[in-house]
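J.: Have a look at this one before I ask anything.
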Amino acid sequence: MNHLLSIEKIPARDIRQIIENTELFKRERGSRTLLPLKGKTWGMIFAKSSTRTRVSFEVGIHELGGNAIYLNINDIQLGRGELIKDTARVLGRMVHGCVIRTYLQKDVEDFAYYSGIPTVNALTDDEHPCQILTDIFTIEEKFGSIKNRVITFVGDGACNIPVSWAFAAAKMDFEFRVAAPKGFQLPEEIISRAGGRIYQTENLAEAADGADVLYTDTWISMGKEDEAKQRIELLSKYQINDELVAKAKPNAIVMHCLPAYRGKEITDSVFERFQQVIFDQAENRLHTQKAIMDWMID
Ligand code: CP
Ligand code: NVA
């Protein structure tokens with residue numbers, strides 16, 4: 001049994017196994033021959049909003065032969081103060097696996113420990129491992145190997161998405177750059193824990209120069225809504241626009257984990273130019289998460 005709690009903790013060989021199986025799950029979709037969750041029920045606890053993660057897990061569990069129970073935090077006692085460790089010990093006796101989207105990384109780790117069932121981090125304030133595994137798969141679909149590619153993240157470089165990217169860099173042997181203003185860069189402590197080729201700068205042109213992938217995310221992650229006004233001011237230059245794309249490699253792609261806010265972190269023009277890649281990336285959440293769950297119950 002495996003948990004997927006973070007990119008930091010997952011070994012490189014397991015990432016490789018998941019990416020290879022994603023290709024199989026994508027190809028075999030609809031064949032109903034791969035049913036590793038047959039007769040099993042998985043819980044899905046969500047303390048934050050979600051479109052892609054919720055739908056792709058619910059459909060994925062169903063397509064693997066299992067049943068999913070969606071548990072919005074406000075509908076269960078966790079939302080009224082029941083402890084995560086008590087919730088985990090109850091669900092651990094009733095369901096066979098659990099997907100959790102919440103704020104604190106520690107809550108997902110405690111759930112995994114106390115429940116004793118395969119537990120997936122479906123986004124915390126610290127990491128979004130399902131997204132980054134999907135993105136690696138998507139990049140390899142477009143370019144072949146991710147090895148030695150240059151991935152440049154533009155925007156809030158301190159949020160969950162760039163942190164998970166940073167932990168992937170050394171494991172998958174690519175260069176990761178962050179273009180962000182001071183105060184929104186990756187903490188030094190994350191860079192030293194991650195190792196590998198990670199560079200950050202306030203200079204957008206320098207970060208985009210020769211990049212294979214330009215990647216962005218909202219400037220206002222879930223939970224940061226109170227800082228919206230200040231963030232929009234401080235991050236206003238850190239946008240993927242046509243001028244920035246021109247500085248990347250001629251065959252570079254633009255990716256976005258979504259949801260996107262046009263006119264903020266990305267222009268409408270760039271978004272629509274790269275919409276095929278961006279929505280392939282969204283669709284691939286389904287295939288990747290099926291491979292993740294299959295790996296977890298191994
Ligand atoms: N990218 C992503 O996780 O999207 P949702 O917030 O809609 O799940
Ligand atoms: N950084 C964003 C990712 C959304 C998928 C957030 O945490 O809201």
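As shown in the structure tokens, the chain order sets the letters A, B, ...; within each chain, residues go from 1, and ligands are also counted from 1 in the order they appear.
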List all protein, DNA and RNA residues that have any atom at most 9 Å from ligand 2, counting only C-alpha atoms and all ligand atoms, and write the list as a list in words.
T.: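 Listed by chain and ascending number, the contacts are Lys48, Ser49, Ser50, Arg52, Thr53, Tyr103, Leu123, Thr124, Asp125, Asp126, Glu127, His128, Gln131, Asp156, Cys159, Asn160, Ile161, Pro162, Asp217, Thr218, Trp219, Ile220, Ser221, Met222, Gly223, Lys224, Cys257, Leu258 and Pro259 of chain A.
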J.: If you keep N, CA, C and O atoms, can you produce a file of those selected residues as a tab-separated table (two decimals), in the first residue's frame?
T.:
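So result-v8.tsv came out as:
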```
chain	number	residue	atom	x	y	z
A	48	LYS	N	-11.87	22.58	0.36
A	48	LYS	CA	-11.72	23.71	-0.56
A	48	LYS	C	-12.47	23.37	-1.84
A	48	LYS	O	-12.71	22.19	-2.12
A	49	SER	N	-12.76	24.40	-2.65
A	49	SER	CA	-13.47	24.19	-3.92
A	49	SER	C	-12.65	23.35	-4.89
A	49	SER	O	-11.41	23.30	-4.77
A	50	SER	N	-13.32	22.74	-5.84
A	50	SER	CA	-12.61	21.98	-6.88
A	50	SER	C	-13.54	21.66	-8.03
A	50	SER	O	-14.70	21.29	-7.82
A	52	ARG	N	-11.76	20.24	-11.38
A	52	ARG	CA	-10.99	19.16	-12.00
A	52	ARG	C	-10.70	18.00	-11.06
A	52	ARG	O	-10.91	16.83	-11.41
A	53	THR	N	-10.21	18.30	-9.87
A	53	THR	CA	-9.78	17.23	-8.97
A	53	THR	C	-10.98	16.39	-8.53
A	53	THR	O	-10.93	15.16	-8.54
A	103	TYR	N	-6.26	22.44	3.89
A	103	TYR	CA	-5.29	23.53	4.07
A	103	TYR	C	-3.95	22.98	4.55
A	103	TYR	O	-2.93	23.12	3.88
A	123	LEU	N	-4.45	18.35	-2.86
A	123	LEU	CA	-4.02	19.76	-2.74
A	123	LEU	C	-4.08	20.16	-1.27
A	123	LEU	O	-5.10	19.99	-0.59
A	124	THR	N	-2.95	20.68	-0.83
A	124	THR	CA	-2.88	21.37	0.47
A	124	THR	C	-2.23	22.72	0.20
A	124	THR	O	-1.84	23.01	-0.93
A	125	ASP	N	-2.05	23.52	1.25
A	125	ASP	CA	-1.35	24.80	1.09
A	125	ASP	C	0.10	24.55	0.65
A	125	ASP	O	0.71	25.41	0.03
A	126	ASP	N	0.64	23.38	0.97
A	126	ASP	CA	2.07	23.11	0.70
A	126	ASP	C	2.33	22.48	-0.67
A	126	ASP	O	3.36	22.76	-1.27
A	127	GLU	N	1.47	21.57	-1.10
A	127	GLU	CA	1.78	20.79	-2.32
A	127	GLU	C	0.51	20.41	-3.08
A	127	GLU	O	-0.58	20.32	-2.50
A	128	HIS	N	0.70	20.12	-4.37
A	128	HIS	CA	-0.39	19.59	-5.21
A	128	HIS	C	0.21	18.46	-6.06
A	128	HIS	O	0.40	18.62	-7.27
A	131	GLN	N	-1.40	17.17	-9.46
A	131	GLN	CA	-1.27	18.09	-10.59
A	131	GLN	C	0.11	17.96	-11.24
A	131	GLN	O	0.23	17.88	-12.46
A	156	ASP	N	3.03	33.54	-8.55
A	156	ASP	CA	3.22	33.33	-7.12
A	156	ASP	C	4.10	32.08	-6.91
A	156	ASP	O	3.60	30.96	-6.81
A	159	CYS	N	3.59	29.35	-3.85
A	159	CYS	CA	2.38	28.54	-3.57
A	159	CYS	C	2.63	27.06	-3.86
A	159	CYS	O	3.72	26.66	-4.27
A	160	ASN	N	1.62	26.26	-3.59
A	160	ASN	CA	1.73	24.79	-3.68
A	160	ASN	C	2.26	24.25	-5.03
A	160	ASN	O	3.05	23.30	-5.06
A	161	ILE	N	1.85	24.87	-6.14
A	161	ILE	CA	2.23	24.34	-7.46
A	161	ILE	C	3.75	24.45	-7.68
A	161	ILE	O	4.40	23.44	-7.94
A	162	PRO	N	4.35	25.63	-7.57
A	162	PRO	CA	5.81	25.69	-7.74
A	162	PRO	C	6.58	24.89	-6.69
A	162	PRO	O	7.66	24.37	-7.01
A	217	ASP	N	-0.09	29.91	-12.60
A	217	ASP	CA	-1.19	29.53	-11.70
A	217	ASP	C	-1.78	30.84	-11.19
A	217	ASP	O	-1.15	31.91	-11.30
A	218	THR	N	-2.93	30.76	-10.58
A	218	THR	CA	-3.56	31.97	-10.04
A	218	THR	C	-2.63	32.73	-9.09
A	218	THR	O	-1.81	32.11	-8.40
A	219	TRP	N	-2.79	34.04	-9.05
A	219	TRP	CA	-2.02	34.84	-8.08
A	219	TRP	C	-2.63	34.72	-6.68
A	219	TRP	O	-2.01	35.09	-5.69
A	220	ILE	N	-3.90	34.24	-6.64
A	220	ILE	CA	-4.61	34.22	-5.35
A	220	ILE	C	-5.08	32.79	-5.07
A	220	ILE	O	-6.18	32.38	-5.44
A	221	SER	N	-4.20	32.04	-4.44
A	221	SER	CA	-4.55	30.66	-4.12
A	221	SER	C	-5.68	30.62	-3.10
A	221	SER	O	-5.89	31.58	-2.34
A	222	MET	N	-6.36	29.47	-3.06
A	222	MET	CA	-7.47	29.30	-2.12
A	222	MET	C	-6.96	29.48	-0.69
A	222	MET	O	-5.95	28.90	-0.30
A	223	GLY	N	-7.66	30.32	0.05
A	223	GLY	CA	-7.23	30.64	1.42
A	223	GLY	C	-6.55	32.00	1.50
A	223	GLY	O	-6.33	32.53	2.59
A	224	LYS	N	-6.18	32.57	0.33
A	224	LYS	CA	-5.46	33.86	0.32
A	224	LYS	C	-6.37	35.00	-0.15
A	224	LYS	O	-5.88	36.06	-0.54
A	257	CYS	N	-2.43	25.15	-14.55
A	257	CYS	CA	-3.14	24.08	-13.82
A	257	CYS	C	-4.64	24.32	-13.78
A	257	CYS	O	-5.39	23.39	-13.55
A	258	LEU	N	-5.06	25.58	-13.97
A	258	LEU	CA	-6.46	26.01	-13.94
A	258	LEU	C	-6.99	25.93	-12.49
A	258	LEU	O	-6.51	25.09	-11.76
A	259	PRO	N	-7.95	26.75	-12.11
A	259	PRO	CA	-8.66	27.72	-12.94
A	259	PRO	C	-7.79	28.93	-13.30
A	259	PRO	O	-6.94	29.34	-12.52
```
J.: For range 231-248 of chain A, find every residue with an atom within 9 Å (counting only C-alpha atoms), except residues of its own chain fewer than 3 positions away, and show them as a ChimeraX atom specification.
T.: /A:154-156,179-181,184,202,204-216,219-220,227-228,251-254,263-271
J.: Given the choices A:Ala68, A:Ile45, A:Val150, A:Arg101, which gets closest to Ala88 in chain A if the distance is worked out from only C-alpha atoms?
T.: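 Nearest candidate to Ala88 in chain A out of A:Ala68, A:Ile45, A:Val150, A:Arg101: A:Ile45.
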J.: Taking only C-alpha atoms into account, which of A:His62, A:His256, A:Lys38, A:Arg177 comes nearest Phe274 in chain A?
T.: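 Selected residue with least distance to Phe274 in chain A: A:His256.
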J.: Please determine, counting only C-alpha atoms and all ligand atoms, which residue among A:Val163, A:Leu64, A:Ile132, A:Ile297 has the shortest atom-to-atom distance to ligand 1.
T.: A:Ile132
J.: Could you go through range 15-262 of chain A and tell me which residues DSSP, when run on the backbone, assigns to strand (DSSP E), listing them as an mmCIF file with N, CA and C atoms, in the first residue's frame?
T.:
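Everything below was put into states.cif:
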```cif
data_model
loop_
_atom_site.group_PDB
_atom_site.id
_atom_site.type_symbol
_atom_site.label_atom_id
_atom_site.label_comp_id
_atom_site.auth_asym_id
_atom_site.auth_seq_id
_atom_site.Cartn_x
_atom_site.Cartn_y
_atom_site.Cartn_z
ATOM 1 N N THR A 41 -14.761 1.039 -1.927
ATOM 2 C CA THR A 41 -15.329 2.386 -1.804
ATOM 3 C C THR A 41 -14.241 3.337 -1.321
ATOM 4 N N TRP A 42 -14.127 4.474 -1.994
ATOM 5 C CA TRP A 42 -13.156 5.515 -1.593
ATOM 6 C C TRP A 42 -13.906 6.760 -1.137
ATOM 7 N N GLY A 43 -13.382 7.394 -0.085
ATOM 8 C CA GLY A 43 -13.925 8.667 0.388
ATOM 9 C C GLY A 43 -13.186 9.817 -0.291
ATOM 10 N N MET A 44 -13.861 10.958 -0.386
ATOM 11 C CA MET A 44 -13.254 12.170 -0.979
ATOM 12 C C MET A 44 -13.628 13.355 -0.094
ATOM 13 N N ILE A 45 -12.702 13.746 0.791
ATOM 14 C CA ILE A 45 -12.967 14.845 1.722
ATOM 15 C C ILE A 45 -12.448 16.147 1.120
ATOM 16 N N PHE A 46 -13.327 17.119 0.939
ATOM 17 C CA PHE A 46 -12.920 18.403 0.337
ATOM 18 C C PHE A 46 -13.260 19.563 1.275
ATOM 19 N N ASN A 67 -16.592 2.659 -5.937
ATOM 20 C CA ASN A 67 -17.593 3.685 -5.627
ATOM 21 C C ASN A 67 -16.906 4.826 -4.911
ATOM 22 N N ALA A 68 -17.347 6.067 -5.204
ATOM 23 C CA ALA A 68 -16.781 7.235 -4.524
ATOM 24 C C ALA A 68 -17.854 7.897 -3.664
ATOM 25 N N ILE A 69 -17.446 8.323 -2.457
ATOM 26 C CA ILE A 69 -18.362 9.105 -1.622
ATOM 27 C C ILE A 69 -17.750 10.485 -1.454
ATOM 28 N N TYR A 70 -18.404 11.512 -1.995
ATOM 29 C CA TYR A 70 -17.898 12.882 -1.871
ATOM 30 C C TYR A 70 -18.353 13.453 -0.535
ATOM 31 N N LEU A 71 -17.383 13.928 0.248
ATOM 32 C CA LEU A 71 -17.673 14.430 1.586
ATOM 33 C C LEU A 71 -17.197 15.876 1.694
ATOM 34 N N ASN A 72 -18.116 16.817 1.473
ATOM 35 C CA ASN A 72 -17.749 18.217 1.679
ATOM 36 C C ASN A 72 -17.548 18.419 3.184
ATOM 37 N N GLY A 97 -9.947 3.682 0.728
ATOM 38 C CA GLY A 97 -8.942 4.674 0.347
ATOM 39 C C GLY A 97 -9.574 6.043 0.502
ATOM 40 N N CYS A 98 -8.747 7.092 0.534
ATOM 41 C CA CYS A 98 -9.325 8.425 0.699
ATOM 42 C C CYS A 98 -8.510 9.499 -0.016
ATOM 43 N N VAL A 99 -9.244 10.438 -0.586
ATOM 44 C CA VAL A 99 -8.666 11.583 -1.298
ATOM 45 C C VAL A 99 -8.987 12.801 -0.441
ATOM 46 N N ILE A 100 -7.988 13.625 -0.122
ATOM 47 C CA ILE A 100 -8.271 14.784 0.748
ATOM 48 C C ILE A 100 -7.713 16.069 0.167
ATOM 49 N N ARG A 101 -8.565 17.077 0.085
ATOM 50 C CA ARG A 101 -8.126 18.447 -0.270
ATOM 51 C C ARG A 101 -8.402 19.328 0.941
ATOM 52 N N THR A 119 -3.999 7.058 1.114
ATOM 53 C CA THR A 119 -4.468 8.442 1.237
ATOM 54 C C THR A 119 -3.767 9.316 0.196
ATOM 55 N N VAL A 120 -4.570 10.095 -0.528
ATOM 56 C CA VAL A 120 -4.035 10.994 -1.563
ATOM 57 C C VAL A 120 -4.169 12.444 -1.126
ATOM 58 N N ASN A 121 -3.088 13.194 -1.251
ATOM 59 C CA ASN A 121 -3.156 14.650 -1.109
ATOM 60 C C ASN A 121 -3.716 15.216 -2.408
ATOM 61 N N VAL A 150 13.597 22.759 -19.724
ATOM 62 C CA VAL A 150 13.568 23.929 -18.838
ATOM 63 C C VAL A 150 12.101 24.328 -18.616
ATOM 64 N N ILE A 151 11.672 24.245 -17.359
ATOM 65 C CA ILE A 151 10.289 24.597 -17.000
ATOM 66 C C ILE A 151 10.361 25.910 -16.219
ATOM 67 N N THR A 152 9.678 26.934 -16.698
ATOM 68 C CA THR A 152 9.693 28.241 -16.022
ATOM 69 C C THR A 152 8.317 28.549 -15.462
ATOM 70 N N PHE A 153 8.274 28.734 -14.160
ATOM 71 C CA PHE A 153 7.015 29.106 -13.500
ATOM 72 C C PHE A 153 6.993 30.613 -13.315
ATOM 73 N N VAL A 154 5.859 31.241 -13.678
ATOM 74 C CA VAL A 154 5.716 32.699 -13.590
ATOM 75 C C VAL A 154 4.552 33.027 -12.649
ATOM 76 N N GLU A 175 15.451 21.335 -15.395
ATOM 77 C CA GLU A 175 15.770 22.629 -14.773
ATOM 78 C C GLU A 175 14.459 23.342 -14.453
ATOM 79 N N PHE A 176 14.354 23.859 -13.239
ATOM 80 C CA PHE A 176 13.140 24.566 -12.840
ATOM 81 C C PHE A 176 13.491 26.007 -12.482
ATOM 82 N N ARG A 177 12.799 26.943 -13.157
ATOM 83 C CA ARG A 177 13.033 28.364 -12.878
ATOM 84 C C ARG A 177 11.743 29.009 -12.371
ATOM 85 N N VAL A 178 11.931 29.965 -11.479
ATOM 86 C CA VAL A 178 10.777 30.714 -10.982
ATOM 87 C C VAL A 178 11.010 32.195 -11.259
ATOM 88 N N ALA A 179 10.027 32.836 -11.887
ATOM 89 C CA ALA A 179 10.062 34.289 -12.065
ATOM 90 C C ALA A 179 8.994 34.866 -11.150
ATOM 91 N N ARG A 197 18.477 21.450 -10.028
ATOM 92 C CA ARG A 197 18.713 22.702 -10.760
ATOM 93 C C ARG A 197 17.493 23.611 -10.629
ATOM 94 N N ILE A 198 17.515 24.482 -9.601
ATOM 95 C CA ILE A 198 16.401 25.414 -9.378
ATOM 96 C C ILE A 198 16.981 26.831 -9.342
ATOM 97 N N TYR A 199 16.406 27.712 -10.138
ATOM 98 C CA TYR A 199 16.878 29.097 -10.181
ATOM 99 C C TYR A 199 15.677 29.996 -10.022
ATOM 100 N N GLN A 200 15.840 31.110 -9.290
ATOM 101 C CA GLN A 200 14.743 32.075 -9.272
ATOM 102 C C GLN A 200 15.259 33.489 -9.415
ATOM 103 N N THR A 201 14.391 34.299 -10.002
ATOM 104 C CA THR A 201 14.769 35.664 -10.345
ATOM 105 C C THR A 201 13.520 36.536 -10.393
ATOM 106 N N VAL A 213 8.894 25.175 -21.381
ATOM 107 C CA VAL A 213 7.530 25.287 -20.862
ATOM 108 C C VAL A 213 7.434 26.561 -20.028
ATOM 109 N N LEU A 214 6.415 27.377 -20.315
ATOM 110 C CA LEU A 214 6.075 28.489 -19.425
ATOM 111 C C LEU A 214 4.803 28.067 -18.698
ATOM 112 N N TYR A 215 4.810 28.197 -17.389
ATOM 113 C CA TYR A 215 3.728 27.650 -16.575
ATOM 114 C C TYR A 215 3.264 28.715 -15.599
ATOM 115 N N THR A 216 1.961 28.832 -15.412
ATOM 116 C CA THR A 216 1.479 29.758 -14.386
ATOM 117 C C THR A 216 0.274 29.203 -13.641
ATOM 118 N N ILE A 253 5.771 25.430 -25.023
ATOM 119 C CA ILE A 253 4.335 25.351 -24.727
ATOM 120 C C ILE A 253 4.037 26.150 -23.454
ATOM 121 N N VAL A 254 2.759 26.532 -23.340
ATOM 122 C CA VAL A 254 2.308 27.237 -22.140
ATOM 123 C C VAL A 254 1.321 26.331 -21.417
ATOM 124 N N MET A 255 1.534 26.196 -20.108
ATOM 125 C CA MET A 255 0.652 25.336 -19.314
ATOM 126 C C MET A 255 0.045 26.135 -18.160
ATOM 127 N N HIS A 256 -1.111 25.667 -17.718
ATOM 128 C CA HIS A 256 -1.810 26.311 -16.592
ATOM 129 C C HIS A 256 -2.579 25.210 -15.876
#
```
J.: In range 10-127 of chain A, what's helix (DSSP H, G or I) per DSSP? Answer as a ChimeraX atom specification?
T.: /A:12-27,52-63,73-75,77-80,84-91,105-115
J.: Between A:Lys147, A:His96, A:Arg54, A:Arg80, which one has atoms that come closest to ligand 1, using only C-alpha atoms and all ligand atoms?
T.: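 Closest to ligand 1 of all the choices is A:Arg54.
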J.: May I ask for the distance between CA of Met293 in chain A and CA of Glu58 in chain A, given in Å to one decimal place?
T.: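 Computed distance, CA of Met293 in chain A to CA of Glu58 in chain A, equals 11.9 Å.
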J.: Could you tell me which of A:Gly144, A:Pro187, A:Gly92, A:Pro129 comes closest to ligand 1 if we count only C-alpha atoms and all ligand atoms?
T.: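 Closest to ligand 1, using only C-alpha atoms and all ligand atoms: A:Pro129.
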J.: For Ala169 in chain A, which residue among A:Leu104, A:Leu78, A:Met1, A:Ile136 is the nearest when counting only C-alpha atoms?
T.: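 Answer, going by the shortest atom-to-atom distance: A:Ile136.
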J.: Please provide as a VMD selection string all residues within 10 Å of Gly195 in chain A, with the sequence filter that same-chain residues fewer than 2 positions apart are discarded (counting only C-alpha atoms).
T.: chain A and resid 166 to 171 190 to 193 197 to 198
J.: As a ChimeraX atom specification, please: the residues near range 23-37 of chain A (cut-off 12 Å, only C-alpha atoms, same-chain neighbours under 5 positions excluded).
T.: /A:16-18,42,59-68,95-97,134,136-138,140-141,280,283-298
J.: Restricting it to N, CA and C atoms, dump the selection as a CSV table (one decimal), in the first residue's frame.
T.:
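Writing the result to selection_25.csv gives the following:
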```csv
chain,number,residue,atom,x,y,z
A,16,ARG,N,8.1,7.5,-12.1
A,16,ARG,CA,8.3,6.9,-13.4
A,16,ARG,C,7.2,5.8,-13.7
A,17,GLN,N,7.0,5.0,-12.7
A,17,GLN,CA,6.0,3.9,-12.8
A,17,GLN,C,4.6,4.5,-13.1
A,18,ILE,N,4.2,5.6,-12.3
A,18,ILE,CA,2.9,6.2,-12.5
A,18,ILE,C,2.8,6.8,-13.9
A,42,TRP,N,-14.1,4.5,-2.0
A,42,TRP,CA,-13.2,5.5,-1.6
A,42,TRP,C,-13.9,6.8,-1.1
A,59,VAL,N,-14.9,10.3,-11.3
A,59,VAL,CA,-15.0,9.5,-12.5
A,59,VAL,C,-14.0,8.4,-12.5
A,60,GLY,N,-12.7,8.7,-12.1
A,60,GLY,CA,-11.6,7.7,-12.1
A,60,GLY,C,-11.9,6.5,-11.2
A,61,ILE,N,-12.4,6.8,-10.0
A,61,ILE,CA,-12.8,5.7,-9.1
A,61,ILE,C,-13.8,4.8,-9.7
A,62,HIS,N,-14.8,5.5,-10.3
A,62,HIS,CA,-15.9,4.7,-10.9
A,62,HIS,C,-15.4,3.9,-12.1
A,63,GLU,N,-14.5,4.5,-12.9
A,63,GLU,CA,-14.0,3.7,-14.0
A,63,GLU,C,-13.0,2.6,-13.6
A,64,LEU,N,-12.5,2.7,-12.4
A,64,LEU,CA,-11.6,1.6,-11.9
A,64,LEU,C,-12.5,0.5,-11.2
A,65,GLY,N,-13.8,0.6,-11.3
A,65,GLY,CA,-14.7,-0.4,-10.7
A,65,GLY,C,-15.2,-0.1,-9.3
A,66,GLY,N,-14.7,1.1,-8.7
A,66,GLY,CA,-15.1,1.4,-7.3
A,66,GLY,C,-16.2,2.4,-7.2
A,67,ASN,N,-16.6,2.7,-5.9
A,67,ASN,CA,-17.6,3.7,-5.6
A,67,ASN,C,-16.9,4.8,-4.9
A,68,ALA,N,-17.3,6.1,-5.2
A,68,ALA,CA,-16.8,7.2,-4.5
A,68,ALA,C,-17.9,7.9,-3.7
A,95,VAL,N,-14.1,2.8,4.6
A,95,VAL,CA,-13.7,2.9,3.2
A,95,VAL,C,-12.3,2.3,2.9
A,96,HIS,N,-12.0,2.2,1.7
A,96,HIS,CA,-10.7,1.5,1.3
A,96,HIS,C,-9.6,2.4,0.9
A,97,GLY,N,-9.9,3.7,0.7
A,97,GLY,CA,-8.9,4.7,0.3
A,97,GLY,C,-9.6,6.0,0.5
A,134,THR,N,0.6,14.8,-13.2
A,134,THR,CA,-0.1,15.0,-14.5
A,134,THR,C,0.6,15.8,-15.5
A,136,ILE,N,3.9,16.4,-15.6
A,136,ILE,CA,5.1,15.7,-16.1
A,136,ILE,C,4.6,14.8,-17.3
A,137,PHE,N,3.5,14.0,-17.0
A,137,PHE,CA,3.0,13.2,-18.1
A,137,PHE,C,2.7,14.0,-19.4
A,138,THR,N,2.0,15.1,-19.2
A,138,THR,CA,1.6,15.9,-20.3
A,138,THR,C,2.8,16.5,-21.1
A,140,GLU,N,5.7,15.1,-21.2
A,140,GLU,CA,6.4,13.9,-21.9
A,140,GLU,C,5.5,13.5,-23.2
A,141,GLU,N,4.2,13.7,-23.1
A,141,GLU,CA,3.4,13.5,-24.2
A,141,GLU,C,3.7,14.4,-25.4
A,280,ASP,N,-5.6,19.5,-22.6
A,280,ASP,CA,-5.1,18.1,-22.5
A,280,ASP,C,-4.6,17.9,-21.1
A,283,GLU,N,-7.5,17.2,-18.9
A,283,GLU,CA,-8.0,15.9,-19.1
A,283,GLU,C,-7.1,14.8,-18.5
A,284,ASN,N,-5.8,15.1,-18.6
A,284,ASN,CA,-4.8,14.1,-18.1
A,284,ASN,C,-4.9,13.9,-16.6
A,285,ARG,N,-5.5,14.8,-15.9
A,285,ARG,CA,-5.7,14.5,-14.5
A,285,ARG,C,-6.4,13.2,-14.2
A,286,LEU,N,-7.4,12.9,-15.1
A,286,LEU,CA,-8.2,11.7,-15.0
A,286,LEU,C,-7.3,10.5,-15.1
A,287,HIS,N,-6.5,10.4,-16.2
A,287,HIS,CA,-5.7,9.3,-16.5
A,287,HIS,C,-4.6,9.1,-15.5
A,288,THR,N,-4.0,10.2,-15.1
A,288,THR,CA,-2.9,10.1,-14.1
A,288,THR,C,-3.4,9.6,-12.8
A,289,GLN,N,-4.5,10.1,-12.3
A,289,GLN,CA,-5.0,9.7,-11.0
A,289,GLN,C,-5.5,8.3,-11.0
A,290,LYS,N,-5.9,7.8,-12.1
A,290,LYS,CA,-6.2,6.3,-12.2
A,290,LYS,C,-4.9,5.5,-11.9
A,291,ALA,N,-3.9,6.0,-12.6
A,291,ALA,CA,-2.6,5.3,-12.4
A,291,ALA,C,-2.1,5.5,-11.0
A,292,ILE,N,-2.3,6.7,-10.4
A,292,ILE,CA,-1.9,6.9,-9.0
A,292,ILE,C,-2.6,5.9,-8.1
A,293,MET,N,-3.9,5.8,-8.2
A,293,MET,CA,-4.7,4.9,-7.3
A,293,MET,C,-4.3,3.4,-7.5
A,294,ASP,N,-4.0,3.1,-8.7
A,294,ASP,CA,-3.6,1.7,-9.0
A,294,ASP,C,-2.2,1.4,-8.3
A,295,TRP,N,-1.3,2.4,-8.4
A,295,TRP,CA,0.0,2.3,-7.7
A,295,TRP,C,-0.2,2.2,-6.2
A,296,MET,N,-1.2,3.0,-5.6
A,296,MET,CA,-1.4,3.0,-4.2
A,296,MET,C,-1.8,1.7,-3.6
A,297,ILE,N,-2.6,0.9,-4.4
A,297,ILE,CA,-3.2,-0.3,-3.8
A,297,ILE,C,-2.3,-1.5,-4.2
A,298,ASP,N,-1.2,-1.2,-4.8
A,298,ASP,CA,-0.3,-2.3,-5.3
A,298,ASP,C,0.1,-3.3,-4.1
```
